[in-house]
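Here's query_26.cif, which has mmCIF, C-alpha atoms:
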```cif
data_structure
loop_
_atom_site.label_atom_id
_atom_site.label_comp_id
_atom_site.auth_asym_id
_atom_site.auth_seq_id
_atom_site.Cartn_x
_atom_site.Cartn_y
_atom_site.Cartn_z
CA MET A 3 -20.87 11.10 -18.13
CA LYS A 4 -20.47 14.67 -16.82
CA LEU A 5 -23.65 14.20 -14.76
CA HIS A 6 -22.26 10.96 -13.32
CA LYS A 7 -19.04 12.76 -12.28
CA LEU A 8 -21.17 15.36 -10.52
CA PHE A 9 -22.70 12.70 -8.28
CA PHE A 10 -19.94 10.06 -8.03
CA LYS A 11 -16.18 9.85 -7.49
CA SER A 12 -13.94 7.93 -9.91
CA ASN A 13 -13.96 4.87 -7.58
CA GLY A 14 -17.77 4.70 -7.69
CA ALA A 15 -18.42 6.21 -4.26
CA PRO A 16 -21.07 8.93 -4.07
CA ARG A 17 -19.71 12.39 -3.40
CA PRO A 18 -19.99 13.59 0.22
CA TRP A 19 -23.00 15.81 -0.45
CA VAL A 20 -24.85 12.87 -2.05
CA LYS A 21 -24.09 10.63 0.93
CA ARG A 22 -25.35 13.29 3.35
CA ILE A 23 -28.67 13.38 1.49
CA LEU A 24 -29.14 9.62 1.05
CA PHE A 25 -27.57 8.10 4.15
CA ASP A 26 -27.38 8.66 7.89
CA LYS A 27 -24.07 8.97 9.76
CA HIS A 28 -23.70 5.17 9.84
CA LEU A 29 -24.22 4.94 6.05
CA ARG A 30 -27.66 3.42 6.53
CA LEU A 31 -30.03 4.42 3.76
CA LYS A 32 -32.70 6.94 4.78
CA GLU A 33 -36.17 5.50 4.26
CA GLN A 34 -37.35 8.24 1.87
CA TRP A 35 -34.53 7.47 -0.57
CA ARG A 36 -34.95 3.70 -0.85
CA ARG A 37 -36.54 3.99 -4.31
CA VAL A 38 -33.51 5.94 -5.49
CA VAL A 39 -30.98 3.26 -4.49
CA PHE A 40 -33.12 0.13 -5.01
CA ASP A 41 -35.08 -0.86 -8.11
CA SER A 42 -38.60 -2.35 -8.10
CA SER A 43 -37.24 -5.89 -7.62
CA GLY A 44 -35.33 -4.85 -4.49
CA ASP A 45 -31.87 -5.00 -6.07
CA ILE A 46 -29.37 -2.17 -5.71
CA ARG A 47 -29.32 -0.05 -8.86
CA LYS A 48 -26.19 -0.51 -10.99
CA VAL A 49 -24.97 3.05 -10.39
CA PHE A 50 -24.75 2.31 -6.64
CA SER A 51 -24.08 -1.43 -6.67
CA ASP A 52 -20.28 -1.66 -6.43
CA TRP A 53 -19.83 0.97 -3.75
CA TYR A 54 -22.89 0.19 -1.65
CA SER A 55 -22.21 -3.54 -1.76
CA LEU A 56 -18.84 -2.80 -0.14
CA VAL A 57 -20.60 -0.71 2.51
CA LEU A 58 -23.15 -3.46 3.23
CA HIS A 59 -20.42 -6.09 3.62
CA ASN A 60 -18.29 -3.83 5.84
CA PRO A 61 -20.69 -2.34 8.38
CA ASP A 62 -19.84 0.43 10.78
CA PRO A 63 -18.73 -0.70 14.29
CA ALA A 64 -21.82 0.95 15.72
CA ILE A 65 -23.99 -1.27 13.51
CA ASP A 66 -22.05 -4.49 14.08
CA PRO A 67 -20.16 -4.22 17.39
CA GLY A 68 -20.11 -8.02 17.73
CA TRP A 69 -17.60 -8.52 14.92
CA ARG A 70 -14.56 -8.10 17.20
CA ALA A 71 -15.65 -10.95 19.51
CA HIS A 72 -16.54 -13.15 16.53
CA ARG A 73 -13.16 -12.39 14.95
CA ASP A 74 -11.28 -13.33 18.12
CA ASP A 75 -13.26 -16.57 18.50
CA LEU A 76 -12.63 -17.39 14.85
CA LEU A 77 -8.88 -16.94 15.18
CA LYS A 78 -8.76 -19.08 18.34
CA SER A 79 -10.16 -21.94 16.27
CA ARG A 80 -7.03 -21.69 14.03
CA PRO A 81 -8.97 -22.08 10.76
CA PHE A 82 -5.96 -21.37 8.54
CA VAL A 83 -3.23 -23.37 10.24
CA GLU A 84 -3.52 -26.32 7.81
CA ARG A 85 -3.94 -24.16 4.71
CA LYS A 86 -0.48 -23.40 3.42
CA ILE A 87 -1.52 -21.23 0.46
CA ILE A 88 -2.13 -17.52 1.04
CA THR A 89 -3.46 -15.40 -1.83
CA VAL A 90 -1.88 -11.94 -1.97
CA VAL A 91 -4.02 -9.51 -3.98
CA SER A 92 -2.26 -6.34 -5.06
CA PRO A 93 -2.69 -3.58 -7.62
CA ASN A 94 0.26 -3.17 -9.99
CA ALA A 95 1.33 -0.03 -8.12
CA THR A 96 2.24 -2.09 -5.03
CA LEU A 97 3.51 -5.20 -6.80
CA TYR A 98 6.86 -4.82 -5.02
CA VAL A 99 5.14 -5.25 -1.64
CA ALA A 100 3.32 -8.34 -2.91
CA ARG A 101 6.57 -9.90 -4.13
CA MET A 102 8.25 -9.05 -0.82
CA LEU A 103 5.45 -10.77 1.10
CA GLY A 104 5.61 -13.79 -1.19
CA TRP A 105 9.37 -14.08 -0.69
CA TYR A 106 9.07 -14.01 3.10
CA LEU A 107 6.05 -16.33 3.20
CA SER A 108 8.00 -18.96 1.28
CA ARG A 109 10.63 -18.84 4.04
CA PHE A 110 7.93 -19.63 6.58
CA ASN A 111 6.98 -22.74 4.56
CA LEU A 112 3.85 -21.03 3.28
CA GLN A 113 2.94 -20.71 -0.38
CA ALA A 114 1.85 -17.35 -1.71
CA GLU A 115 -0.27 -16.97 -4.81
CA LEU A 116 0.19 -13.41 -6.14
CA VAL A 117 -2.60 -11.86 -8.23
CA THR A 118 -3.38 -8.32 -9.39
CA GLU A 119 -7.07 -8.95 -10.15
CA MET A 120 -9.56 -9.82 -7.45
CA PRO A 121 -10.56 -13.50 -7.84
CA GLN A 122 -14.05 -14.09 -9.20
CA HIS A 123 -14.66 -16.75 -6.58
CA PHE A 124 -13.21 -17.04 -3.10
CA GLY A 125 -12.12 -20.39 -1.74
CA ASP A 126 -11.76 -21.16 1.96
CA GLY A 127 -8.19 -19.85 2.23
CA LEU A 128 -6.65 -16.64 3.51
CA TYR A 129 -6.31 -13.43 1.48
CA ILE A 130 -3.92 -10.54 2.10
CA VAL A 131 -5.30 -7.57 0.18
CA ILE A 132 -3.00 -4.62 -0.44
CA CYS A 133 -4.88 -1.32 -0.88
CA PRO A 134 -8.33 -2.97 -0.77
CA GLN A 135 -10.06 0.38 -1.26
CA ILE A 136 -9.40 0.24 -5.00
CA TYR A 137 -11.30 -3.03 -5.47
CA LYS A 138 -15.06 -3.23 -5.97
CA ARG A 139 -15.23 -6.73 -4.46
CA LEU A 140 -13.36 -8.07 -1.43
CA PRO A 141 -12.91 -11.49 0.15
CA PRO A 142 -15.21 -12.27 3.10
CA ARG A 143 -14.11 -10.52 6.25
CA GLU A 144 -13.52 -13.91 7.92
CA GLN A 145 -10.72 -14.55 5.39
CA ARG A 146 -9.25 -11.09 4.81
CA ILE A 147 -6.14 -9.29 6.02
CA PHE A 148 -5.94 -5.60 5.07
CA PHE A 149 -2.46 -4.27 4.14
CA GLN A 150 -2.71 -0.51 4.71
CA MET A 151 -0.43 1.63 2.50
CA GLU A 152 -1.77 5.19 2.85
CA GLN A 153 -0.02 7.95 4.80
CA SER A 154 -1.78 9.17 7.93
CA VAL A 155 -0.17 12.60 7.52
CA SER A 156 -3.19 13.28 5.29
CA SER A 157 -6.47 12.16 6.84
CA ARG A 158 -8.30 12.55 3.50
CA TRP A 159 -7.60 8.88 2.67
CA PHE A 160 -9.17 7.61 5.87
CA SER A 161 -12.85 7.90 5.04
CA GLN A 162 -15.54 6.17 7.08
CA GLU A 163 -15.87 3.44 4.42
CA TYR A 164 -12.11 2.91 4.46
CA LEU A 165 -11.98 2.60 8.25
CA ASN A 166 -14.95 0.22 8.14
CA ILE A 167 -13.11 -2.14 5.77
CA MET A 168 -10.24 -2.19 8.29
CA TYR A 169 -12.63 -2.92 11.14
CA ASN A 170 -14.21 -5.76 9.17
CA SER A 171 -10.93 -7.59 8.52
CA LEU A 172 -9.15 -10.30 10.46
CA ALA A 173 -6.16 -7.99 10.85
CA VAL A 174 -4.53 -4.85 9.50
CA PHE A 175 -0.88 -4.84 8.46
CA ASP A 176 0.73 -1.41 8.24
CA TYR A 177 4.23 -0.44 7.12
CA SER A 178 4.49 2.52 9.52
CA LEU A 179 4.40 2.78 13.31
CA LYS A 180 3.12 6.35 12.94
CA ASN A 181 0.17 5.08 10.92
CA ILE A 182 -0.57 2.49 13.59
CA GLN A 183 -0.57 5.18 16.28
CA PHE A 184 -2.96 7.24 14.15
CA LEU A 185 -5.36 4.33 13.60
CA GLU A 186 -5.40 3.50 17.30
CA SER A 187 -6.29 7.10 18.05
CA GLN A 188 -9.20 6.98 15.59
CA ARG A 189 -10.87 3.85 16.92
CA PRO A 190 -9.03 2.54 20.01
CA GLY A 191 -8.97 -1.24 20.29
CA GLN A 192 -11.17 -1.90 17.27
CA TYR A 193 -8.48 -3.20 14.91
CA ARG A 194 -5.93 -6.00 15.12
CA LEU A 195 -2.93 -3.91 14.04
CA TYR A 196 0.49 -5.31 13.13
CA HIS A 197 3.62 -3.52 12.01
CA VAL A 198 4.99 -5.14 8.84
CA SER A 199 7.64 -2.81 7.46
CA VAL A 200 8.60 -2.62 3.79
CA GLU A 201 12.31 -3.20 3.17
CA PRO A 202 14.64 -4.30 0.37
CA VAL A 203 14.67 -7.94 -0.69
CA PRO A 204 17.02 -9.73 -3.11
CA LEU A 205 16.43 -9.14 -6.81
CA SER A 206 15.50 -12.81 -7.15
CA ALA A 207 12.40 -12.11 -5.05
CA LEU A 208 11.06 -9.81 -7.78
CA LEU A 209 11.77 -12.31 -10.55
CA THR A 210 10.34 -15.40 -8.84
CA GLY A 211 8.51 -17.62 -11.27
CA HIS A 212 9.89 -16.03 -14.43
CA SER A 213 11.88 -18.12 -16.86
CA THR A 214 13.81 -15.12 -18.16
CA PRO A 215 15.00 -12.14 -16.14
CA ALA A 216 12.62 -9.18 -16.24
CA VAL A 217 15.44 -6.77 -15.42
CA ASN A 218 18.68 -6.33 -17.32
CA TYR A 219 21.58 -4.04 -16.50
CA PRO A 220 22.91 -2.07 -19.47
CA ALA A 221 25.34 0.77 -18.86
CA ARG A 222 23.45 2.81 -16.29
CA GLN A 223 22.93 6.48 -16.96
CA GLY A 224 20.64 9.29 -16.00
CA ILE A 225 18.53 10.33 -13.03
CA VAL A 226 14.94 9.24 -12.54
CA PHE A 227 12.07 10.56 -10.49
CA TYR A 228 8.97 8.39 -10.51
CA GLY A 229 5.59 8.97 -8.97
CA ASP A 230 3.01 11.75 -9.19
CA PRO A 231 4.85 14.95 -10.23
CA LYS A 232 1.81 17.21 -9.80
CA SER A 233 2.43 18.09 -6.17
CA PRO A 234 3.51 21.76 -6.00
CA ARG A 235 6.52 20.94 -3.82
CA ARG A 236 7.61 18.18 -6.21
CA GLN A 237 7.25 20.55 -9.16
CA LYS A 238 9.42 23.09 -7.35
CA PHE A 239 12.12 20.49 -6.69
CA LEU A 240 12.05 19.08 -10.20
CA GLY A 241 12.14 22.55 -11.73
CA GLU A 242 15.41 23.28 -9.91
CA LEU A 243 16.92 19.82 -10.39
CA THR A 244 16.42 19.97 -14.17
CA LYS A 245 18.55 23.13 -14.27
CA HIS A 246 21.52 21.02 -13.14
CA PHE A 247 20.78 17.48 -14.33
CA GLN A 248 18.84 15.59 -16.94
CA VAL A 249 15.95 14.12 -14.94
CA ASP A 250 13.61 11.56 -16.46
CA VAL A 251 10.16 11.91 -14.86
CA VAL A 252 8.35 8.56 -15.01
CA GLN A 253 4.67 8.13 -14.24
CA GLY A 254 2.04 5.56 -15.10
CA LEU A 255 4.50 2.63 -15.08
CA TYR A 256 4.23 -0.11 -12.49
CA GLY A 257 5.61 -3.53 -11.69
CA GLU A 258 7.91 -5.16 -14.19
CA ALA A 259 7.51 -2.40 -16.80
CA LEU A 260 8.73 0.09 -14.19
CA TRP A 261 11.57 -2.17 -13.10
CA ARG A 262 12.83 -2.50 -16.67
CA LYS A 263 12.77 1.28 -16.99
CA LEU A 264 14.56 1.82 -13.68
CA SER A 265 17.24 -0.72 -14.57
CA GLN A 266 18.55 1.75 -17.14
CA ALA A 267 18.99 4.56 -14.59
CA LYS A 268 21.94 5.37 -12.39
CA LEU A 269 20.17 7.21 -9.58
CA VAL A 270 16.64 7.83 -8.28
CA VAL A 271 15.54 10.93 -6.39
CA ASN A 272 12.79 10.60 -3.81
CA ILE A 273 10.82 13.81 -3.22
CA HIS A 274 7.92 13.84 -0.76
CA TYR A 275 4.40 14.62 -1.87
CA TYR A 276 3.71 16.19 1.54
CA GLU A 277 6.07 18.39 3.56
CA ASP A 278 5.74 16.15 6.64
CA ALA A 279 5.54 12.86 4.74
CA LEU A 280 6.44 9.43 6.02
CA LEU A 281 9.33 7.79 4.19
CA GLU A 282 8.29 6.19 0.90
CA THR A 283 9.78 2.84 1.86
CA THR A 284 8.17 0.93 -1.02
CA ARG A 285 9.72 3.17 -3.66
CA ILE A 286 13.12 3.22 -1.97
CA SER A 287 13.15 -0.53 -1.31
CA GLU A 288 12.42 -1.49 -4.90
CA CYS A 289 15.13 0.92 -6.09
CA LEU A 290 17.70 -0.61 -3.73
CA CYS A 291 16.57 -4.07 -4.76
CA LEU A 292 17.34 -3.11 -8.37
CA GLY A 293 20.81 -1.87 -7.42
CA LEU A 294 20.04 1.84 -7.80
CA SER A 295 21.55 4.69 -5.83
CA VAL A 296 18.91 6.75 -4.01
CA VAL A 297 18.89 10.35 -2.83
CA SER A 298 15.90 11.15 -0.65
CA GLU A 299 14.51 13.85 1.56
CA GLU A 300 14.40 12.93 5.23
CA SER A 301 11.01 11.98 6.59
CA SER A 302 8.85 12.74 9.60
CA ASP A 303 9.39 9.13 10.74
CA GLN A 304 13.14 9.18 10.11
CA ARG A 305 13.94 7.58 13.48
CA GLU A 306 12.01 4.48 12.42
CA GLN A 307 14.06 4.04 9.27
CA GLN A 308 17.33 2.61 10.55
CA THR A 309 17.32 0.04 7.74
CA PHE A 310 17.88 2.78 5.16
CA HIS A 311 20.36 5.04 6.94
CA SER A 312 23.44 3.32 5.47
CA LYS A 313 21.85 2.66 2.08
CA VAL A 314 20.34 6.02 1.11
CA LEU A 315 21.82 9.52 1.00
CA PHE A 316 19.32 11.68 2.88
CA THR A 317 18.93 15.45 2.64
CA PRO A 318 16.95 17.86 4.88
CA VAL A 319 13.28 18.28 4.07
CA GLY A 320 12.67 21.10 1.62
CA ASP A 321 16.39 21.81 1.02
CA ILE A 322 16.73 21.74 -2.76
CA ASP A 323 20.37 22.92 -2.71
CA ALA A 324 21.29 20.05 -0.40
CA MET A 325 19.63 17.59 -2.77
CA ILE A 326 21.53 19.03 -5.75
CA HIS A 327 24.80 18.64 -3.83
CA ALA A 328 23.89 15.08 -2.78
CA ILE A 329 23.05 14.06 -6.35
CA SER A 330 26.35 15.45 -7.59
CA ARG A 331 28.16 13.48 -4.92
CA GLN A 332 26.28 10.27 -5.71
CA LEU A 333 27.03 10.55 -9.43
CA VAL A 334 30.76 10.80 -8.70
CA LYS A 335 31.11 8.40 -5.77
CA PRO A 336 27.85 6.60 -5.01
CA LEU A 337 27.05 4.73 -1.85
CA GLU A 338 27.32 1.02 -2.53
CA PRO A 339 25.32 -0.55 0.28
CA SER A 340 25.45 -4.26 0.89
CA LEU A 341 21.96 -5.69 0.58
CA SER A 342 22.45 -8.79 2.66
CA ILE A 343 18.87 -9.73 3.45
CA GLN A 344 18.29 -12.04 6.38
CA ASN A 345 15.21 -13.93 7.49
CA ASP A 346 15.39 -12.00 10.78
CA SER A 347 15.07 -8.57 9.13
CA SER A 348 12.47 -6.31 10.69
CA SER A 349 10.11 -6.97 7.76
CA ALA A 350 10.39 -10.73 8.21
CA ALA A 351 10.17 -10.46 12.01
CA GLY A 352 7.07 -8.26 11.83
CA LEU A 353 5.32 -10.55 9.37
CA LYS A 354 6.23 -13.67 11.34
CA HIS A 355 4.99 -12.14 14.59
CA ALA A 356 1.70 -11.17 12.94
CA LEU A 357 1.14 -14.63 11.44
CA GLN A 358 1.96 -16.34 14.76
CA SER A 359 -0.35 -14.00 16.68
CA LEU A 360 -3.14 -14.77 14.21
CA GLU A 361 -2.54 -18.53 14.67
CA ILE A 362 -1.54 -18.90 11.01
CA LEU A 363 1.97 -20.13 11.77
#
```
Could you express the structure from this file as structure tokens?
Amino acid sequence: MKLHKLFFKSNGAPRPWVKRILFDKHLRLKEQWRRVVFDSSGDIRKVFSDWYSLVLHNPDPAIDPGWRAHRDDLLKSRPFVERKIITVVSPNATLYVARMLGWYLSRFNLQAELVTEMPQHFGDGLYIVICPQIYKRLPPREQRIFFQMEQSVSSRWFSQEYLNIMYNSLAVFDYSLKNIQFLESQRPGQYRLYHVSVEPVPLSALLTGHSTPAVNYPARQGIVFYGDPKSPRRQKFLGELTKHFQVDVVQGLYGEALWRKLSQAKLVVNIHYYEDALLETTRISECLCLGLSVVSEESSDQREQQTFHSKVLFTPVGDIDAMIHAISRQLVKPLEPSLSIQNDSSSAAGLKHALQSLEIL
């Protein structure tokens, strides 16, 4: 196991030094290493199979430059216009986004099937895959929309394999205009990019299809931070906040288990992982959806976030004292924003525009 970790990342991808030895810059296998990757029958060895299969099915633009023209011709034929069911595939960590999409799709007279495991077999319908990089199998590129959730303030997420999956998709939905600008700068004109923001939806959208409510509202108390607390700047914030308040740090909970936990809290603090981070709109939206007060640092894309300005109490980036003051204020007299969600919200408008442009609506 230790030897495997030396050669491979946790997601099955070879470490950079291994890729440099085995593959050229387009991730084509060097001839002298074919016996390492392939067995005597010509099949990819198990240790490489999941990762390299993804690479083979999502070739580099330099290897398959004709995909863009084929994609455009495919969409002109309107192959999905009569298929009213769209499968949304999402890991548990982004289940809120999947439920949001499902809620809006139903308002466009489309039916969304939400799943957290990649289907074993793909039909002839359309798939929206949230965070596809975590899956070892993906729908065919002719049927796949990529919902991009990483932050471009850190380029470490945007590996060549990751960018290739984007290229080999019908379209890319992204929650941030800054991300879209970044992606265009990386490979101009190679993606079909659409801005689909993440915003609050009614609580009923999270509970769709459940016979009993997944979220109850006992007497709310306490402050919660949820997410990865290992970032040095988050540790610094939390260290100071716990001197003034009882803060429950929650990690490893997702979806309905997380929502049940949050329903017991009074307030959530949002602390950026990166100093220049984009606003964590998924986290904030699901908190607002659950009726929670939110105190958050401002973000590098603050001007984009008009939806949240009247709903969240923002504090300057890195100002721990300001956050302590804001939390104290919220505990005494919290903002009580009205979450009147309309079909013409920017999320709905962005999604509708994307689906119409792709000849799906």
Where does the PyMOL selection byres ((chain A and resi 109-120) around 7) land in this file, that is, which residues does it pick, as number ranges by chain? A: 86-94, 100, 104-108, 121-122
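What the PyMOL selection byres ((chain A and resi 25) around 12) matches in the given file is Pro16, Arg17, Pro18, Trp19, Val20, Lys21, Arg22, Ile23, Leu24, Asp26, Lys27, His28, Leu29, Arg30, Leu31, Lys32, Glu33, Gln34, Trp35, Arg36, Val38, Val39, Tyr54 and Val57 of chain A.
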Report as a PyMOL selection string the full result of the PyMOL selection byres ((chain A and resi 237-254) around 12) when it is applied to this structure. chain A and resi 94-95+223-236+255-257+259-261+263-264+266-275+298-299+319-330+333
Restricting to only C-alpha atoms, whichever of A:Gln135, A:Thr309, A:Ser347, A:Gln332 is closest to Val296 (chain A) is A:Gln332
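Note that CA of Trp159 (chain A) and CA of Glu300 (chain A) are 22.5 Å apart.
All residues of protein, DNA or RNA that reach within 6 Å of Ser301 (chain A), judged by only C-alpha atoms and not counting those fewer than 4 positions away in the chain, are Ala279, Leu280 and Leu281 of chain A.
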Which residues are near Ser287 (chain A)? Cut-off 7 Å, only C-alpha atoms, ignore same chain within fewer than 3 positions. Put them as a PyMOL selection string. chain A and resi 201-202+283-284+290-291
CA of Ile132 (chain A) to CA of His6 (chain A): how many Å, to one decimal? 27.9 Å
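Of note, CA of Met102 (chain A) and CA of Leu208 (chain A) are spaced 7.5 Å apart.
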Please put the answer as AutoDock Vina command-line options: centre and edge lengths, in Å with one decimal, of a box along x, y and z that encloses all listed atoms of region 80-91 of chain A plus 8 Å on each side.
```
--center_x -4.7 --center_y -17.9 --center_z 5.0 --size_x 24.5 --size_y 32.8 --size_z 34.0
```
Please check which residues have atoms at most 10 Å from (-0.8, -3.9, 8.1) in the file's coordinates, counting only C-alpha atoms, and write them as number ranges by chain. A: 130-132, 147-151, 168, 173-179, 181-182, 194-199, 352-353, 356
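Distances to Arg189 (chain A) were evaluated for A:Ala71, A:Cys133, A:Ile46, A:Ala64 using all atoms listed in the file, and the minimum falls at A:Ala64.
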Of the residues A:Phe82, A:Val200, A:Leu97, A:Asp66, which is the one nearest to Ala350 (chain A), using all atoms listed in the file? A:Val200
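Nearest to Tyr169 (chain A) of all the residues A:Leu8, A:Leu205, A:Val314, A:Ile65 is A:Ile65, counting only C-alpha atoms.
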Select, from A:Leu56, A:Val155, A:Leu360, A:Arg70, the residue with the minimum atom-to-atom distance to Tyr137 (chain A), counting all atoms listed in the file. A:Leu56
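Of the residues listed (A:Glu84, A:Lys7, A:Ser79, A:Thr317), A:Lys7 shows the shortest atom-to-atom separation from Val49 (chain A); distances use all atoms listed in the file.
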